[in-house]
Amino acid sequence: MFTEKIAPRQVFILFFIMRTSIVISFLPVLTSAGAKEDAWIAAIIAFFPSAAIVYIIGRLVVAFPGKSIVQYSQDLLGGFLGRILSLFYLGLFLFIAGTDLRVYGEVIKTVFLPNTPISVIMGIMVLAAAMVVYAGVEPLGRVADIIFPLFLLMIAGTILFPIIHADFSNLQPVLAEGWSPIMVTSITPIAITAQYSALTMLVPSVNKPKKALGAALLSVFFASIVLVFVAVMVVSVMGAEEVARSAFPVFKMVRSTSVTEFLERVEALTIFAWGFGLFTSISVNLYCGSRGLSQLIGMKDNRPLILPMSVVWVAFAVQGYRSIFEVKQFFSPEVIGPFVLMVAVFPILILWAAYFFKRPGKGDQSELQK
Amino acid sequence: MKPLSLILNKLFSLIPGRKKKHNEGEKDNKGLAVDYRDISEREADFKKTRLVASLEDNLQTLSELTGGSFDLSIKRSLAGPKEVDSAVIYFDGMVEKVAIDDLLRTVKIDTFETGIEGLQKKEIFETVKKRLITKELKEAEDFEKLYEGISLGDTALLFDGTAKAILCETKGWDYRTIMEPEAETTIRGSRDGFVENLRVNTSLIRRRIRSPNLWIESMNIGSLTKTEVAYAYMKGLVGEEILEELRSRLERIDIDSVLESGVIEEFIEDQPYSFFPTVFRTERPDIIAAGIVEGRVAIFTSGTPFVLMVPADFAMFLQAPDDYNEIFPIGTFLRILRLGAFVLSIFLPGLYVSVINFHPELIPTSLLLTIQRTREGVPFPVIAEILIMEFAFEFLREAGLRLPKAIGPAISIVGALILGEAAIRAGIVSPGVVIIVAFTAITSFTAPTFSIAISARMLRFLMTILGGAFGLLGIQLGFLVLLINMVSLRSFGYPYMAPYGPFIWQDMKDNIIRAFWWQHDLRPRLLGFREPRRQRPGQKPRPRKSSQSPKNDRKGR
């Protein structure tokens with residue numbers, strides 16, 4: 001049977017776009033949670049634990065070539081427990097995509113289409129995502145290939161155009177309140193790394209699984225660089241206090257930018273870039289979710305699940321949060337930190353433990369020999 | 001009761017699918033038996049009929065089978081000293097007259113010089129066959145084969161007493177002279193184009209690629225037209241799977257007539273449901289030759305100057321021979337220009353509608369005021385304006401295409417004056433819309449191949465409606481859906497968006513940019529995988545070192 005494969009390069013692009021777009025939209029929590037002027041330090045610090053999380057999520061799936069988390073968790077823990085554990089992950093896919101979707105819908109509604117119902121905005125995006133998932137993972141990778149340069153250009157425009165309004169003295173004082181608020185703040189970008197749990201479903205369809213892990217780590221690195229840049233720009237353009245108050249500081253920054261008389265409105269770039277980012281995020285998660293569910297219930301093809309699942313996801317995005325403030329609350333370190341620890345990190349640690357216990361006993365099994 | 005049954009009979013005869021029963025021996029007004037056999041029966045009878053020994057009988061059968069068609073010419077003569085009855089049969093206008101004269105001379109005169117006294121009926125066939133000096137000789141034993149020969153321009157020789165015919169190749173019919181195709185002109189590049197004659201077309205390729213590995217295979221497609229279809233490729237370079245696939249797809253075609261390569265194109269596509277063409281077609285031999293040496297397969301169809309090429313990718317449709325023939329910076333600039341124009345030709349009206357309707361804040365204030373001022377008093381919403389003007393333009397374009405060339409300019413006067421000027425004066429449409437539509441039209445004319453330009457034409461309407469319904473969000477949805485469709489297309493297993501998605505860095509030097517010729521060391525990766533190296537690397541031209549050329553040394557100082 002013909003199996004679709006994607007390249008490690010495409011994995012890098014997919015995760016880079018996903019992480020960059022979500023990071024840009026949730027920057028306010030960096031400042032409001034206490035880091036204020038030192039948001040950029042928090043962004044730098046966040047890189048190392050994020051990379052560690054990506055590693056522990058990605059390393060295990062590489063050890064089981066061709067098997068997704070739904071399958072290898074059953075190998076490690078036995079049928080029943082494995083299924084329960086993989087349900088956590090399937091739920092996580094739904095949760096991440098739903099939250100992304102809600103945020104995107106809120107932004108488009110406030111910035112662009114105030115009279116359009118939010119469910120229509122989300123429905124349009126999910127429709128596009130469902131189409132690409134229906135086409136398969138190979139077209140998904142190719143779409144990523146093509147939108148990557150566009151995305152880069154748009155992000156560059158978003159970050160670089162406001163530089164004419166930047167006042168770098170806004171970044172002072174450095175470390176006014178010591179390290180602890182910075183540490184707390186950096187929990188959010190670390191927790192958002194839960195996005196990389198999509199690796200557990202994607203890696204089996206990468207043609208070089210070992211390189212996929214490297215690509216994912218690389219994407220964390222580059223996305224962190226973007227995050228640092230964005231943090232510096234936003235704070236130096238608007239000042240820490242104002243950033244903490246606004247719901248979407250990056251948009252506010254871009255909106256207030258007027259490069260010349262004619263080039264006043266660069267936020268269209270940001271919106272398009274974020275549209276691409278959201279599309280990527282939803283389609284990756286929808287692919288992982290539908291693929292995982294089909295494996296869990298023993299279906300051969302994930303296509304029949306796509307449409308029902310995307311309807312459920314829109315419903316979740318609409319009903320999951322009452323308002324944008326609830327979303328913002330969710331992203332504060334004291335909520336999202338424990339959540340991700342419980343839902344994403346804890347299950348994978350259980351699997352690691354099982355892996356270490358099983359390895360000496362069943363050393364002859366081929367999939368366990370690294 | 002009689003009139004009623006007559007009426008009923010008449011009514012029943014109108015029902016399709018009921019075969020009329022005919023009376024045996026019905027006569028037409030000339031008193032001949034009316035032949036009510038249908039075409040398939042006739043073809044079957046034709047296949048069954050074999051040649052017999054008697055010449056008279058053969059000629060009688062032939063005239064019955066072909067209905068005595070007036071262009072069938074039969075020259076009777078007596079061959080050899082024993083005056084054996086013989087006939088020379090060919091279709092008028094499909095043969096070379098000189099060759100026919102040669103044939104007649106051989107039959108009439110050469111048979112006297114054999115030296116064999118009393119050449120008998122049976123020997124004369126072989127003797128003539130030996131003495132004929134035409135290019136190719138075949139034998140036919142039944143009428144099917146005989147007819148196949150003469151319908152291709154061969155001449156049949158029949159002798160009394162032999163149940164066989166000699167088929168001599170005397171092909172020679174008129175064809176259009178080779179000239180530059182009107183739809184695909186270049187500033188710098190070869191000026192020849194394909195014609196309707198298949199052999200001339202293949203020769204145009206053969207003249208360009210003088211390698212014994214240029215193989216050309218042919219087959220006949222179409223149960224009635226028996227159109228000759230040939231495919232050319234570089235043996236050893238093209239993927240054998242592609243060839244195998246092409247062969248099986250061509251053999252699968254069961255159709256009565258192939259009058260244009262478009263018929264073949266629709267039968268061999270990978271995915272018919274798309275706005276984009278997945279089979280390349282052109283009238284220019286240089287493009288086909290370039291494709292063949294890259295490892296593609298060209299499909300020639302007799303009777304049309306349009307030659308198909310597979311596998312095709314999206315980038316091919318936006319490339320013109322000028323890119324390669326002009327110097328490198330111009331080639332690159334033109335490519336980027338064309339890509340941008342193609343994107344604009346799809347999205348520009350939609351973008352305008354969405355920005356004016358939903359996001360006026362994106363336009364600088366002074367420009368917005370100008371646009372709004374000119375829109376004052378216009379009774380339609382922007383989307384209606386755009387659609388009206390776009391349709392008017394489409395009508396104009398179609399009208400201009402169908403009109404005789406002499407009154408062609410009239411349509412442009414009508415278009416420019418009435419539609420442009422008067423519509424604005426009357427306040428039906430705003431000048432902004434006219435500018436957008438005109439600009440879009442210009443961008444769509446930059447596409448070097450017509451087939452991709454017409455895809456953009458249709459997509460433009462979809463994008464306009466999406467932009468009018470959902471604003472920029474709709475445009476983004478349209479863009480993504482378009483992209484998803486394009487990346488899932490394949491042409492003979494080759495990904496349609498190839499160097500862009502999947503991204504292939506190595507092929508980029510011939511896609512968005514056009515690198516120097518001496519940098520094209522490698523063939524396209526997915527096509528030329530059998531022999532990746534194309535030329536010796538490191539051929540960058542540089543002047544000889546001064547120590548090696550003492551003559552230049554003096555001048556340099």
# chains A, B, ... in the order shown; residues from 1 in each chain; ligands from 1

$ residues_around --residues "A:Ile56" --least-positions-apart "2" --cutoff "9 Å" --atoms "only C-alpha atoms" --output "list in words"
Ala51, Ala52, Ile53, Val54, Gly58, Arg59, Leu60, Val345, Ile348, Leu349 and Trp352 of chain A

$ write_last_selection --atoms "C-alpha atoms" --output "PDB file, in the first residue's frame"
ATOM      1  CA  ALA A  51      13.592  22.063  24.199  1.00  0.00           C
ATOM      2  CA  ALA A  52      13.728  19.521  27.010  1.00  0.00           C
ATOM      3  CA  ILE A  53       9.982  18.920  26.796  1.00  0.00           C
ATOM      4  CA  VAL A  54      10.181  18.546  23.024  1.00  0.00           C
ATOM      5  CA  GLY A  58       9.849  13.272  20.598  1.00  0.00           C
ATOM      6  CA  ARG A  59      12.556  10.847  21.683  1.00  0.00           C
ATOM      7  CA  LEU A  60      10.188   8.092  22.718  1.00  0.00           C
ATOM      8  CA  VAL A 345       4.218  15.790  30.453  1.00  0.00           C
ATOM      9  CA  ILE A 348       4.828  10.785  28.636  1.00  0.00           C
ATOM     10  CA  LEU A 349       6.852  10.346  31.824  1.00  0.00           C
ATOM     11  CA  TRP A 352       9.290   6.648  29.752  1.00  0.00           C
TER      12      TRP A 352
END

$ closest_atom_pairs --of "chain B" --to "chain A" --cutoff "8 Å" --atoms "only C-alpha atoms" --output "CSV"
residue,atom,partner,partner_atom,distance
B:Phe358,CA,A:Leu113,CA,7.1
B:His359,CA,A:Phe112,CA,6.7
B:Glu361,CA,A:Arg265,CA,7.9
B:Leu362,CA,A:Arg265,CA,5.5
B:Ile363,CA,A:Arg265,CA,7.5
B:Pro364,CA,A:Phe262,CA,5.8
B:Leu473,CA,A:Ile121,CA,7.8
B:Gly474,CA,A:Ile124,CA,7.9
B:Gln476,CA,A:Phe272,CA,7.3
B:Leu477,CA,A:Ala128,CA,6.4
B:Leu480,CA,A:Ala128,CA,6.6
B:Val481,CA,A:Ala128,CA,6.1
B:Leu483,CA,A:Val143,CA,6.5
B:Ile484,CA,A:Val132,CA,5.9
B:Val487,CA,A:Pro139,CA,5.6
B:Ser488,CA,A:Pro139,CA,5.5
B:Tyr500,CA,A:Ile146,CA,5.9
B:Gly501,CA,A:Arg142,CA,4.2
B:Pro502,CA,A:Arg142,CA,4.9
B:Phe503,CA,A:Asp145,CA,5.9

$ write_last_selection --atoms "N, CA and C atoms" --output "short mmCIF file (atom, residue, chain, number, x, y, z; two decimals), in the first residue's frame"
data_model
loop_
_atom_site.label_atom_id
_atom_site.label_comp_id
_atom_site.auth_asym_id
_atom_site.auth_seq_id
_atom_site.Cartn_x
_atom_site.Cartn_y
_atom_site.Cartn_z
N PHE B 358 -15.16 45.51 3.34
CA PHE B 358 -15.02 45.11 4.73
C PHE B 358 -13.92 45.86 5.46
N HIS B 359 -12.84 46.19 4.77
CA HIS B 359 -11.70 46.74 5.50
C HIS B 359 -11.24 48.06 4.91
N GLU B 361 -10.40 50.54 6.28
CA GLU B 361 -9.35 51.16 7.09
C GLU B 361 -7.96 50.75 6.62
N LEU B 362 -7.88 49.73 5.77
CA LEU B 362 -6.57 49.31 5.31
C LEU B 362 -6.03 50.24 4.23
N ILE B 363 -6.93 51.04 3.62
CA ILE B 363 -6.48 51.95 2.56
C ILE B 363 -6.10 53.27 3.20
N PRO B 364 -5.00 53.87 2.74
CA PRO B 364 -4.65 55.19 3.26
C PRO B 364 -5.81 56.18 3.05
N LEU B 473 -10.71 37.34 4.93
CA LEU B 473 -10.77 35.97 5.43
C LEU B 473 -11.15 35.02 4.30
N GLY B 474 -12.12 35.47 3.49
CA GLY B 474 -12.54 34.66 2.35
C GLY B 474 -11.43 34.50 1.35
N GLN B 476 -8.28 34.54 2.01
CA GLN B 476 -7.30 33.59 2.56
C GLN B 476 -7.81 32.16 2.43
N LEU B 477 -9.11 31.99 2.67
CA LEU B 477 -9.68 30.65 2.50
C LEU B 477 -9.51 30.20 1.06
N LEU B 480 -5.96 29.22 0.39
CA LEU B 480 -5.58 27.94 0.99
C LEU B 480 -6.22 26.78 0.23
N VAL B 481 -7.50 26.93 -0.12
CA VAL B 481 -8.17 25.83 -0.81
C VAL B 481 -7.52 25.59 -2.17
N LEU B 483 -4.45 26.24 -2.91
CA LEU B 483 -3.15 25.65 -2.65
C LEU B 483 -3.28 24.15 -2.37
N ILE B 484 -4.29 23.81 -1.54
CA ILE B 484 -4.48 22.41 -1.18
C ILE B 484 -4.78 21.61 -2.43
N VAL B 487 -1.47 21.31 -4.55
CA VAL B 487 -0.41 20.41 -4.08
C VAL B 487 -0.86 18.96 -4.10
N SER B 488 -2.18 18.71 -4.13
CA SER B 488 -2.56 17.29 -4.20
C SER B 488 -2.68 16.79 -5.63
N TYR B 500 8.24 23.75 -5.56
CA TYR B 500 7.80 24.60 -4.45
C TYR B 500 7.25 23.75 -3.31
N GLY B 501 6.42 22.81 -3.64
CA GLY B 501 5.87 21.96 -2.58
C GLY B 501 5.60 20.59 -3.17
N PRO B 502 6.39 19.58 -2.92
CA PRO B 502 7.56 19.52 -2.06
C PRO B 502 8.69 20.45 -2.53
N PHE B 503 9.26 21.11 -1.57
CA PHE B 503 10.32 22.07 -1.85
C PHE B 503 11.60 21.34 -2.22
#

$ atom_distance --atom1 "atom CA of B:Ala447" --atom2 "atom CA of B:Leu237"
29.5 Å

$ residues_around --residues "A:Pro338" --least-positions-apart "5" --cutoff "10 Å" --atoms "only C-alpha atoms" --output "list in words"
Ile187, Ala191, Pro333, Val343, Ala344 and Val345 of chain A

$ write_last_selection --atoms "N, CA and C atoms" --output "mmCIF file, in the first residue's frame"
data_model
loop_
_atom_site.group_PDB
_atom_site.id
_atom_site.type_symbol
_atom_site.label_atom_id
_atom_site.label_comp_id
_atom_site.auth_asym_id
_atom_site.auth_seq_id
_atom_site.Cartn_x
_atom_site.Cartn_y
_atom_site.Cartn_z
ATOM 1 N N ILE A 187 6.985 30.266 32.407
ATOM 2 C CA ILE A 187 6.233 28.999 32.407
ATOM 3 C C ILE A 187 5.294 28.922 31.203
ATOM 4 N N ALA A 191 4.962 26.022 28.636
ATOM 5 C CA ALA A 191 3.784 25.149 28.629
ATOM 6 C C ALA A 191 3.194 25.031 27.231
ATOM 7 N N PRO A 333 0.456 31.733 33.851
ATOM 8 C CA PRO A 333 1.337 30.620 34.260
ATOM 9 C C PRO A 333 0.696 29.690 35.280
ATOM 10 N N VAL A 343 -1.414 16.957 31.737
ATOM 11 C CA VAL A 343 -1.995 16.348 30.536
ATOM 12 C C VAL A 343 -0.930 15.892 29.550
ATOM 13 N N ALA A 344 0.132 16.665 29.417
ATOM 14 C CA ALA A 344 1.098 16.330 28.365
ATOM 15 C C ALA A 344 2.354 15.682 28.913
ATOM 16 N N VAL A 345 2.905 16.250 30.000
ATOM 17 C CA VAL A 345 4.218 15.790 30.453
ATOM 18 C C VAL A 345 4.104 14.520 31.297
#

$ closest_residue --among "B:Lys405, B:Arg457, B:Arg534, B:Arg375" --to "B:Glu390" --atoms "only C-alpha atoms"
B:Arg457

$ residues_around --residues "A:Ser224" --least-positions-apart "6" --cutoff "7 Å" --atoms "only C-alpha atoms" --output "PDB file with N, CA and C atoms, in the first residue's frame"
ATOM      1  N   ALA A  43      11.723  35.125  27.624  1.00  0.00           N
ATOM      2  CA  ALA A  43      11.656  34.420  26.344  1.00  0.00           C
ATOM      3  C   ALA A  43      12.905  33.585  26.114  1.00  0.00           C
ATOM      4  N   ILE A  44      14.061  34.137  26.509  1.00  0.00           N
ATOM      5  CA  ILE A  44      15.306  33.378  26.323  1.00  0.00           C
ATOM      6  C   ILE A  44      15.325  32.173  27.248  1.00  0.00           C
ATOM      7  N   PHE A  47      13.469  28.915  26.443  1.00  0.00           N
ATOM      8  CA  PHE A  47      13.909  28.001  25.388  1.00  0.00           C
ATOM      9  C   PHE A  47      14.358  26.654  25.929  1.00  0.00           C
TER      10      PHE A  47
END

$ select_by_dssp --residues "stretch 1-122 of chain A" --states "helix (DSSP H, G or I)" --output "VMD selection string"
chain A and resid 8 to 25 28 to 63 69 to 77 79 to 111 118 to 122

$ write_last_selection --atoms "C-alpha atoms" --output "short mmCIF file (atom, residue, chain, number, x, y, z; two decimals), in the first residue's frame"
data_model
loop_
_atom_site.label_atom_id
_atom_site.label_comp_id
_atom_site.auth_asym_id
_atom_site.auth_seq_id
_atom_site.Cartn_x
_atom_site.Cartn_y
_atom_site.Cartn_z
CA PRO A 8 11.95 16.41 8.32
CA ARG A 9 12.14 19.84 6.67
CA GLN A 10 8.36 19.92 6.53
CA VAL A 11 8.15 18.93 10.19
CA PHE A 12 10.40 21.86 11.02
CA ILE A 13 8.22 24.25 9.01
CA LEU A 14 4.97 22.98 10.48
CA PHE A 15 6.11 23.36 14.07
CA PHE A 16 7.90 26.62 13.47
CA ILE A 17 4.75 28.17 12.03
CA MET A 18 2.58 26.73 14.79
CA ARG A 19 4.77 27.91 17.62
CA THR A 20 5.56 31.32 16.17
CA SER A 21 1.97 32.20 15.52
CA ILE A 22 0.72 31.15 18.95
CA VAL A 23 3.64 32.82 20.65
CA ILE A 24 2.94 36.09 18.89
CA SER A 25 -0.66 36.12 19.90
CA PRO A 28 0.77 39.77 26.74
CA VAL A 29 0.97 37.09 29.40
CA LEU A 30 4.72 37.48 29.38
CA THR A 31 4.42 40.99 30.69
CA SER A 32 1.21 40.89 32.64
CA ALA A 33 2.42 37.94 34.64
CA GLY A 34 5.14 40.02 36.18
CA ALA A 35 8.16 40.02 33.96
CA LYS A 36 7.19 43.42 32.54
CA GLU A 37 10.28 44.98 30.98
CA ASP A 38 12.18 41.73 31.21
CA ALA A 39 9.84 39.80 28.96
CA TRP A 40 12.68 39.14 26.56
CA ILE A 41 14.75 37.49 29.29
CA ALA A 42 11.82 35.24 30.04
CA ALA A 43 11.66 34.42 26.34
CA ILE A 44 15.31 33.38 26.32
CA ILE A 45 15.01 31.33 29.50
CA ALA A 46 11.92 29.57 28.17
CA PHE A 47 13.91 28.00 25.39
CA PHE A 48 15.80 25.44 27.45
CA PRO A 49 12.93 23.73 29.29
CA SER A 50 10.89 23.90 26.07
CA ALA A 51 13.59 22.06 24.20
CA ALA A 52 13.73 19.52 27.01
CA ILE A 53 9.98 18.92 26.80
CA VAL A 54 10.18 18.55 23.02
CA TYR A 55 12.98 16.07 23.51
CA ILE A 56 11.16 13.86 25.96
CA ILE A 57 8.03 13.93 23.84
CA GLY A 58 9.85 13.27 20.60
CA ARG A 59 12.56 10.85 21.68
CA LEU A 60 10.19 8.09 22.72
CA VAL A 61 8.26 8.02 19.45
CA VAL A 62 11.53 7.78 17.54
CA ALA A 63 12.30 4.62 19.49
CA ILE A 69 1.59 7.06 20.62
CA VAL A 70 -1.71 5.20 20.40
CA GLN A 71 0.15 2.10 19.32
CA TYR A 72 3.32 2.20 21.36
CA SER A 73 1.56 3.16 24.57
CA GLN A 74 -0.36 -0.08 24.20
CA ASP A 75 2.90 -1.92 23.64
CA LEU A 76 4.35 -0.44 26.80
CA LEU A 77 1.42 -0.40 29.19
CA GLY A 79 -4.08 -2.54 25.89
CA PHE A 80 -6.35 -0.94 28.45
CA LEU A 81 -3.98 1.46 30.17
CA GLY A 82 -2.39 2.40 26.89
CA ARG A 83 -5.71 3.36 25.44
CA ILE A 84 -6.62 5.44 28.45
CA LEU A 85 -3.28 7.22 28.25
CA SER A 86 -3.54 7.94 24.55
CA LEU A 87 -6.98 9.41 25.18
CA PHE A 88 -5.20 12.14 27.14
CA TYR A 89 -3.27 13.00 24.04
CA LEU A 90 -6.24 12.91 21.72
CA GLY A 91 -7.98 15.28 24.09
CA LEU A 92 -4.93 17.50 24.07
CA PHE A 93 -5.03 17.82 20.29
CA LEU A 94 -8.63 18.90 20.48
CA PHE A 95 -7.85 21.30 23.27
CA ILE A 96 -4.89 22.99 21.59
CA ALA A 97 -6.61 23.41 18.25
CA GLY A 98 -9.83 24.59 19.86
CA THR A 99 -8.01 27.19 21.90
CA ASP A 100 -6.02 28.39 18.91
CA LEU A 101 -9.20 28.61 16.93
CA ARG A 102 -10.98 30.60 19.59
CA VAL A 103 -8.17 33.11 19.86
CA TYR A 104 -7.99 33.52 16.12
CA GLY A 105 -11.73 33.99 15.90
CA GLU A 106 -11.64 36.61 18.62
CA VAL A 107 -8.86 38.54 16.91
CA ILE A 108 -10.49 38.50 13.50
CA LYS A 109 -13.76 39.52 15.05
CA THR A 110 -12.30 42.47 16.93
CA VAL A 111 -9.88 43.58 14.26
CA ILE A 118 -17.43 34.08 15.47
CA SER A 119 -18.58 30.59 14.55
CA VAL A 120 -18.54 31.55 10.86
CA ILE A 121 -14.96 32.77 11.11
CA MET A 122 -13.88 29.59 12.84
#

$ atom_distance --atom1 "atom CA of B:Arg338" --atom2 "atom CA of B:Leu351"
18.8 Å

$ atom_distance --atom1 "atom CA of B:Glu184" --atom2 "atom CA of B:Arg460"
23.1 Å

$ residues_around --residues "A:Val314" --least-positions-apart "3" --cutoff "7 Å" --atoms "only C-alpha atoms" --output "VMD selection string"
chain A and resid 98 122 to 123 310 to 311 317 to 318

$ closest_residue --among "A:Val340, A:Met299, A:Val259, A:Leu278" --to "A:Gly157" --atoms "only C-alpha atoms"
A:Val259

$ residues_around --residues "B:Ile268" --least-positions-apart "2" --cutoff "6 Å" --atoms "only C-alpha atoms" --output "number ranges by chain"
B: 249, 265-266

$ write_last_selection --atoms "N, CA and C atoms" --output "compact mmCIF listing (two decimals), in the first residue's frame"
# COMPACT_ATOMS: atom_id res chain seq x y z
N ARG B 249 -2.37 4.13 -20.49
CA ARG B 249 -3.48 5.09 -20.55
C ARG B 249 -3.90 5.34 -21.99
N GLU B 265 -5.75 14.56 -24.14
CA GLU B 265 -5.41 15.19 -22.86
C GLU B 265 -6.42 14.80 -21.79
N GLU B 266 -7.69 14.89 -22.12
CA GLU B 266 -8.69 14.60 -21.09
C GLU B 266 -8.73 13.12 -20.73

$ decode --residues "stretch 400-416 of chain B" --atoms "N, CA and C atoms" --output "PDB file, in the first residue's frame"
ATOM      1  N   GLY B 400     -14.027  39.315 -29.586  1.00  0.00           N
ATOM      2  CA  GLY B 400     -12.847  39.666 -30.365  1.00  0.00           C
ATOM      3  C   GLY B 400     -12.187  38.453 -30.975  1.00  0.00           C
ATOM      4  N   LEU B 401     -12.292  37.312 -30.274  1.00  0.00           N
ATOM      5  CA  LEU B 401     -11.677  36.082 -30.762  1.00  0.00           C
ATOM      6  C   LEU B 401     -12.435  35.525 -31.961  1.00  0.00           C
ATOM      7  N   ARG B 402     -13.769  35.648 -31.928  1.00  0.00           N
ATOM      8  CA  ARG B 402     -14.575  35.017 -32.972  1.00  0.00           C
ATOM      9  C   ARG B 402     -14.727  35.894 -34.211  1.00  0.00           C
ATOM     10  N   LEU B 403     -14.507  37.198 -34.038  1.00  0.00           N
ATOM     11  CA  LEU B 403     -14.719  38.094 -35.167  1.00  0.00           C
ATOM     12  C   LEU B 403     -13.663  37.885 -36.245  1.00  0.00           C
ATOM     13  N   PRO B 404     -14.041  38.101 -37.497  1.00  0.00           N
ATOM     14  CA  PRO B 404     -13.023  38.113 -38.538  1.00  0.00           C
ATOM     15  C   PRO B 404     -12.014  39.223 -38.272  1.00  0.00           C
ATOM     16  N   LYS B 405     -10.784  39.013 -38.724  1.00  0.00           N
ATOM     17  CA  LYS B 405      -9.741  39.965 -38.358  1.00  0.00           C
ATOM     18  C   LYS B 405     -10.041  41.366 -38.867  1.00  0.00           C
ATOM     19  N   ALA B 406     -10.769  41.457 -40.005  1.00  0.00           N
ATOM     20  CA  ALA B 406     -11.013  42.768 -40.592  1.00  0.00           C
ATOM     21  C   ALA B 406     -11.856  43.652 -39.693  1.00  0.00           C
ATOM     22  N   ILE B 407     -12.816  43.050 -38.972  1.00  0.00           N
ATOM     23  CA  ILE B 407     -13.636  43.901 -38.116  1.00  0.00           C
ATOM     24  C   ILE B 407     -13.237  43.777 -36.652  1.00  0.00           C
ATOM     25  N   GLY B 408     -12.108  43.146 -36.412  1.00  0.00           N
ATOM     26  CA  GLY B 408     -11.618  43.030 -35.044  1.00  0.00           C
ATOM     27  C   GLY B 408     -11.450  44.369 -34.334  1.00  0.00           C
ATOM     28  N   PRO B 409     -10.824  45.344 -34.982  1.00  0.00           N
ATOM     29  CA  PRO B 409     -10.637  46.633 -34.310  1.00  0.00           C
ATOM     30  C   PRO B 409     -11.950  47.265 -33.863  1.00  0.00           C
ATOM     31  N   ALA B 410     -13.032  46.964 -34.582  1.00  0.00           N
ATOM     32  CA  ALA B 410     -14.314  47.550 -34.201  1.00  0.00           C
ATOM     33  C   ALA B 410     -14.669  47.197 -32.771  1.00  0.00           C
ATOM     34  N   ILE B 411     -14.382  45.953 -32.401  1.00  0.00           N
ATOM     35  CA  ILE B 411     -14.793  45.520 -31.068  1.00  0.00           C
ATOM     36  C   ILE B 411     -13.996  46.255 -29.996  1.00  0.00           C
ATOM     37  N   SER B 412     -12.741  46.567 -30.324  1.00  0.00           N
ATOM     38  CA  SER B 412     -11.961  47.264 -29.303  1.00  0.00           C
ATOM     39  C   SER B 412     -12.454  48.705 -29.151  1.00  0.00           C
ATOM     40  N   ILE B 413     -12.943  49.312 -30.264  1.00  0.00           N
ATOM     41  CA  ILE B 413     -13.496  50.660 -30.153  1.00  0.00           C
ATOM     42  C   ILE B 413     -14.753  50.623 -29.286  1.00  0.00           C
ATOM     43  N   VAL B 414     -15.613  49.646 -29.583  1.00  0.00           N
ATOM     44  CA  VAL B 414     -16.832  49.505 -28.791  1.00  0.00           C
ATOM     45  C   VAL B 414     -16.481  49.298 -27.328  1.00  0.00           C
ATOM     46  N   GLY B 415     -15.516  48.402 -27.097  1.00  0.00           N
ATOM     47  CA  GLY B 415     -15.146  48.087 -25.716  1.00  0.00           C
ATOM     48  C   GLY B 415     -14.605  49.293 -25.001  1.00  0.00           C
ATOM     49  N   ALA B 416     -13.626  49.953 -25.639  1.00  0.00           N
ATOM     50  CA  ALA B 416     -12.966  51.060 -24.967  1.00  0.00           C
ATOM     51  C   ALA B 416     -13.920  52.232 -24.775  1.00  0.00           C
TER      52      ALA B 416
END
